[in-house]
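Chemist: The structure follows.
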Amino acid sequence: MSTTLQPVILVADDDPKALARTEAELRRRYGEDYEVVCECDTGTAKGGLERLRDERADVAVVLADVFMAERPGSDVLNRARELHPHAKRALLIDWGAWGDSSTAEAILHAMAKGLADYYVLKPSRTGEEQFHRAISEFLHEWSREHAPSSFELAIIAEPASPRTHEIRDLLRRSGVPHGFCAPDSEWGEELLADIDQDAAGRPVIRLRDGTVLVDPANEEIVRAFGVNTGSVTGNDFDLVIVGAGPAGLSAAVYAQSEGLRTLVVERETIGGQAGSSSLIRNYLGFARGVTGAELAQRAYQQAWVFGVQFAISREVVELQLENEPYGVLCDQGYVATGRAVLLATGVTYARIGIPGLEALSGAGVYYGASTVESLGLDTGDVYVVGGGNSAGQAALHLSRSAAHVRLVVRGASLGEDMSQYLCETVRATPNVEVLTETEVVDGGGNGRLEWLELRDNATGERRRVAAAALYILIGARPNTSWLSEEIALAPNGHILTGADAEASERWPLERSPTPYETSIPGVFAVGDTRHGAVKRVASAVGEASVAIPDVHAWLAAAGRVAERG
């Protein structure tokens with residue numbers, strides 16, 4: 001095996017004919033950009049992975065036959081997980097074995113244990129496009145995170161800076177591939193010298209076209225990679241949607257595709273809280289799962305193609321509800337009017353409320369787990385606080401970068417708030433440890449998180465532990481504090497809709513509100529911000545699609561649809 005600068009695709013299969021076909025297909029389609037390494041048994045495949053690790057080669061994809069004579073293919077994938085944690089891993093299966101119970105059992109076992117990302121059908125003929133579709137998707141996903149040639153921009157900034165964390169979180173949730181390096185790293189010094197910039201403690205961003213941004217505002221960053229932040233055509237709309245998470249984007253697609261002139265206003269970037277999810281495995285239509293950022297990016301593009309207009313990095317600070325059409329006022333002076341308004345403001349992560357940890361937010365203490373690569377976690381212990389699906393996915397995602405991940409759960413068992421499939425995968429991941437009946441009660445460090453204090457709730461015992469990072473996912477609160485009292489809220493701040501809004505005694509009409517209508521006629525609410533909503537991405541998307549016919553009915557009732565110019 002030769003040392004190469006090219007990323008590697010490694011294949012293990014003890015069937016010589018099948019291995020030759022797979023190798024030929026891979027070399028023919030990807031040979032110019034990737035080195036294809038093929039091994040005929042488990043031992044040599046594992047040895048090859050070790051040599052590639054020693055050579056510091058980038059391994060993009062590892063494929064292994066599900067049933068090999070010496071050891072199952074999952075054994076190869078397990079070794080790949082240990083040595084090349086960012087590589088995509090899949091079991092190869094024969095067309096003839098499709099539907100076989102033993103094959104299905106092996107695949108499900110490997111995926112439940114976190115050994116395989118999915119499975120791939122072996123090519124049976126030249127140009128097997130189903131095979132290439134799977135490989136191309138793997139390479140696309142890998143390259144977005146790890147191939148410098150795919151980066152839209154490079155960030156040169158201090159790793160422990162809260163502002164660095166904020167920028168990287170913004171970019172990742174927006175689905176923008178980016179490289180990152182410290183100013184004193186070899187790559188950082190080279191980039192700064194090339195652009196003749198002195199960082200002086202400030203973040204520097206270099207775009208692919210050579211544009212340089214020094215300590216840019218969020219709006220400037222978003223605008224630089226092509227997202228419209230406010231130059232909207234006109235200011236009079238049939239529907240104004242507040243929030244660009246899954247619910248808001250879904251509503252935008254359905255509304256604009258059905259003829260409503262639609263504007264989406266978002267204070268940060270597309271995706272909402274779901275945009276920070278490392279992997280959504282149970283969303284219909286994505287068998288291998290999809291990152292929150294990828295899902296949001298696809299939804300944004302879909303809405304944009306239909307003609308939806310966006311005002312990104314614009315925070316709505318007031319709804320003017322005295323007269324129709326309703327006014328929507330933003331923090332930077334932008335004003336729009338909507339004959340209907342749909343609130344999809346979502347939620348934000350609940351704060352842990354420990355002063356020592358809040359002071360280190362963005363410097364080793366993070367809400368969510370959207371920025372985990374290149375943070376120097378490979379030699380330290382990482383802690384995740386939370387017992388829900390988001391915390392479980394964060395722990396699995398972090399396990400690819402961190403030496404050890406400890407999931408801190410206040411409850412007595414992991415399965416109280418986490419899906420069963422995820423519980424099994426977390427338990428089976430060797431470098432993830434679950435600490436039940438445990439809470440983080442303190443923490444600190446000199447400019448960056450260095451230690452945590454844990455309390456065993458069963459015994460009351462406290463202990464101090466070293467910590468490289470803490471990721472907090474302990475629930476969320478609705479983004480509704482800015483709303484006027486005219487819109488009825490539940491005691492926990494969620495928006496009342498339908499029968500709940502009518503029962504609030506603020507509903508002014510004789511007719512009852514529709515299921516997603518608030519206490520103000522023509523103002524609707526969907527997704528996690530709504531009282532009684534099911535906290536799932538699919539539910540938020542579904543609610544939005546169901547609400548749009550009610551929006552149509554409201555607009556049609558008094559001829560409210562805007563005239564087309």
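Simple scheme: letters A, B, ... for chains in structure tokens order, numbers from 1 for residues in each chain, numbers from 1 for ligands in the order shown.
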Please return, as a PyMOL selection string, all residues of stretch 282-349 of chain A that DSSP assigns to alpha helix (DSSP H) on the basis of the backbone.

Modeler: chain A and resi 292-306

Chemist: Find the residues around A:Trp451 up to 8 Å (only C-alpha atoms counted), leave out those fewer than 5 positions away in its own chain, and share them as a PyMOL selection string.

Modeler: chain A and resi 443-445+464-468

Chemist: Any chance you can output those residues with N, CA and C atoms as a PDB file, in the first residue's frame?

Modeler:
```pdb
ATOM      1  N   GLY A 443     -18.685  23.735  38.071  1.00  0.00           N
ATOM      2  CA  GLY A 443     -17.624  23.585  37.088  1.00  0.00           C
ATOM      3  C   GLY A 443     -16.871  24.885  36.942  1.00  0.00           C
ATOM      4  N   GLY A 444     -15.695  24.804  36.318  1.00  0.00           N
ATOM      5  CA  GLY A 444     -14.911  26.017  36.136  1.00  0.00           C
ATOM      6  C   GLY A 444     -13.649  25.755  35.358  1.00  0.00           C
ATOM      7  N   GLY A 445     -12.803  26.780  35.287  1.00  0.00           N
ATOM      8  CA  GLY A 445     -11.550  26.688  34.559  1.00  0.00           C
ATOM      9  C   GLY A 445     -10.995  28.078  34.338  1.00  0.00           C
ATOM     10  N   ARG A 464     -15.058  15.725  41.905  1.00  0.00           N
ATOM     11  CA  ARG A 464     -14.573  16.629  40.863  1.00  0.00           C
ATOM     12  C   ARG A 464     -13.864  15.814  39.796  1.00  0.00           C
ATOM     13  N   VAL A 465     -14.144  16.117  38.509  1.00  0.00           N
ATOM     14  CA  VAL A 465     -13.548  15.386  37.388  1.00  0.00           C
ATOM     15  C   VAL A 465     -12.992  16.378  36.386  1.00  0.00           C
ATOM     16  N   ALA A 466     -11.934  15.976  35.696  1.00  0.00           N
ATOM     17  CA  ALA A 466     -11.401  16.788  34.595  1.00  0.00           C
ATOM     18  C   ALA A 466     -12.341  16.683  33.404  1.00  0.00           C
ATOM     19  N   ALA A 467     -12.518  17.781  32.673  1.00  0.00           N
ATOM     20  CA  ALA A 467     -13.439  17.795  31.535  1.00  0.00           C
ATOM     21  C   ALA A 467     -12.912  18.706  30.442  1.00  0.00           C
ATOM     22  N   ALA A 468     -12.875  18.182  29.212  1.00  0.00           N
ATOM     23  CA  ALA A 468     -12.454  18.985  28.065  1.00  0.00           C
ATOM     24  C   ALA A 468     -13.604  19.810  27.504  1.00  0.00           C
TER      25      ALA A 468
END
```

Chemist: Rounded to one decimal, what separation in Å do you get between atom CA of A:Thr514 and atom CA of A:Ala344?

Modeler: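 These atoms are spaced 16.4 Å apart.
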
Chemist: Please compute the atom CA of A:Gln256-atom CA of A:Ile548 distance, one decimal, in Å.

Modeler: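 These atoms are spaced 10.0 Å apart.
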
Chemist: Using only C-alpha atoms for the distances, tell me which of A:Pro7, A:Gly368, A:Gly447, A:Gly380 is nearest to A:Gly392.

Modeler: A:Gly368

Chemist: Just want the 7 Å neighbourhood of A:Val385, counted on only C-alpha atoms, with same-chain residues fewer than 4 positions away dropped. Output as a list in words.

Modeler: Ala391, Leu407, Val408, Val409, Tyr471, Ile472, Leu473 and Ile474 of chain A

Chemist: From the set A:Ala160, A:Ala336, A:Ala311, A:Val523, which residue has the shortest atom-to-atom contact distance to A:Ala363, counting only C-alpha atoms?

Modeler: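 The answer is A:Ala160, which sits nearest to A:Ala363.
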
Chemist: From the list A:His531, A:Arg536, A:Arg462, A:Arg51, which residue is nearest A:Leu83 when using only C-alpha atoms?

Modeler: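 The shortest atom-to-atom distance to A:Leu83 comes from A:Arg51.
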
Chemist: Which residues, written as a JSON list (two decimals) with C-alpha atoms, in the first residue's frame, have at least one atom at most 9 Å from stretch 27-32 of chain A, with only C-alpha atoms counted and residues fewer than 6 positions away on the same chain left out?

Modeler:
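Writing done, so here's selection.json:
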```json
[["chain", "number", "residue", "atom", "x", "y", "z"],
["A", 6, "GLN", "CA", -5.89, 11.16, -1.73],
["A", 127, "GLY", "CA", -22.56, 1.11, -14.17],
["A", 132, "HIS", "CA", -23.03, 4.41, -7.05]]
```

Chemist: Out of A:Arg261, A:His404, A:Lys122, A:His552, which residue has the shortest atom-to-atom distance to A:Asp15 when counting only C-alpha atoms?

Modeler: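 Looking only at the distances to A:Asp15, the closest residue turns out to be A:Lys122.
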
Chemist: Would you mind listing what lies within 10 Å of A:Asp75 as a PyMOL selection string, with only C-alpha atoms counted and same-chain residues fewer than 3 positions away left out?

Modeler: chain A and resi 42-43+45-46+64+66+68+70-72+78-81+110+115

Chemist: Can you pull out the residues contacting A:Phe180? Cut-off 8 Å, using only C-alpha atoms, and skip same-chain residues under 3 positions away; I want them as a PyMOL selection string.

Modeler: chain A and resi 154-157+374

Chemist: Write a file of the selected residues as a PDB file, in the first residue's frame, keeping all heavy atoms.

Modeler:
```pdb
ATOM      1  N   ALA A 154     -12.832  29.262   5.064  1.00  0.00           N
ATOM      2  CA  ALA A 154     -11.939  28.845   6.141  1.00  0.00           C
ATOM      3  C   ALA A 154     -11.997  29.874   7.255  1.00  0.00           C
ATOM      4  O   ALA A 154     -12.022  31.080   7.005  1.00  0.00           O
ATOM      5  CB  ALA A 154     -10.509  28.718   5.625  1.00  0.00           C
ATOM      6  N   ILE A 155     -12.046  29.397   8.481  1.00  0.00           N
ATOM      7  CA  ILE A 155     -12.072  30.266   9.660  1.00  0.00           C
ATOM      8  C   ILE A 155     -10.731  30.161  10.361  1.00  0.00           C
ATOM      9  O   ILE A 155     -10.262  29.050  10.658  1.00  0.00           O
ATOM     10  CB  ILE A 155     -13.179  29.851  10.637  1.00  0.00           C
ATOM     11  CG1 ILE A 155     -14.538  29.821   9.934  1.00  0.00           C
ATOM     12  CG2 ILE A 155     -13.220  30.784  11.839  1.00  0.00           C
ATOM     13  CD1 ILE A 155     -15.627  29.207  10.782  1.00  0.00           C
ATOM     14  N   ILE A 156     -10.104  31.300  10.637  1.00  0.00           N
ATOM     15  CA  ILE A 156      -8.875  31.341  11.433  1.00  0.00           C
ATOM     16  C   ILE A 156      -9.235  32.072  12.719  1.00  0.00           C
ATOM     17  O   ILE A 156      -9.512  33.287  12.708  1.00  0.00           O
ATOM     18  CB  ILE A 156      -7.738  32.064  10.699  1.00  0.00           C
ATOM     19  CG1 ILE A 156      -7.543  31.491   9.276  1.00  0.00           C
ATOM     20  CG2 ILE A 156      -6.443  31.945  11.480  1.00  0.00           C
ATOM     21  CD1 ILE A 156      -8.150  32.291   8.174  1.00  0.00           C
ATOM     22  N   ALA A 157      -9.288  31.343  13.834  1.00  0.00           N
ATOM     23  CA  ALA A 157      -9.750  31.947  15.085  1.00  0.00           C
ATOM     24  C   ALA A 157      -9.273  31.118  16.270  1.00  0.00           C
ATOM     25  O   ALA A 157      -8.874  29.962  16.120  1.00  0.00           O
ATOM     26  CB  ALA A 157     -11.273  32.045  15.084  1.00  0.00           C
ATOM     27  N   SER A 374     -12.627  19.331  15.359  1.00  0.00           N
ATOM     28  CA  SER A 374     -11.439  20.183  15.442  1.00  0.00           C
ATOM     29  C   SER A 374     -11.367  21.014  16.711  1.00  0.00           C
ATOM     30  O   SER A 374     -10.810  22.101  16.727  1.00  0.00           O
ATOM     31  CB  SER A 374     -11.372  21.119  14.208  1.00  0.00           C
ATOM     32  OG  SER A 374     -11.432  20.391  13.020  1.00  0.00           O
TER      33      SER A 374
END
```

Chemist: Go through A:Leu108, A:Leu77, A:Leu414, A:Ala18 and flag the residue nearest A:Trp95, using only C-alpha atoms for the distances.

Modeler: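 For A:Trp95, the nearest of the candidates is A:Ala18.
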
Chemist: Just the residues within 9 Å of A:Leu343, please, counting only C-alpha atoms, with nothing from its chain fewer than 6 positions along; format it as JSON, numbers by chain.

Modeler: {"A": [240, 241, 242, 243, 248, 523, 524, 525, 526, 527, 529, 530]}

Chemist: Of the residues A:Val264, A:Ala112, A:Leu329, A:Ala296, which is the one nearest to A:Asp238, using only C-alpha atoms?

Modeler: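 Ranked by minimum distance to A:Asp238, first place goes to A:Val264.
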
Chemist: Residues of stretch 8-235 of chain A classed as strand (DSSP E) by DSSP on the backbone are to be reported as a ChimeraX atom specification.

Modeler: /A:8-12,35-39,59-65,88-93,118-121,153-156,178-181,204-207,212-214

Chemist: Please measure the separation of atom CA of A:Leu396 and atom CA of A:Phe286, giving the value in Å to one decimal.

Modeler: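 Separation of atom CA of A:Leu396 and atom CA of A:Phe286: 18.4 Å.
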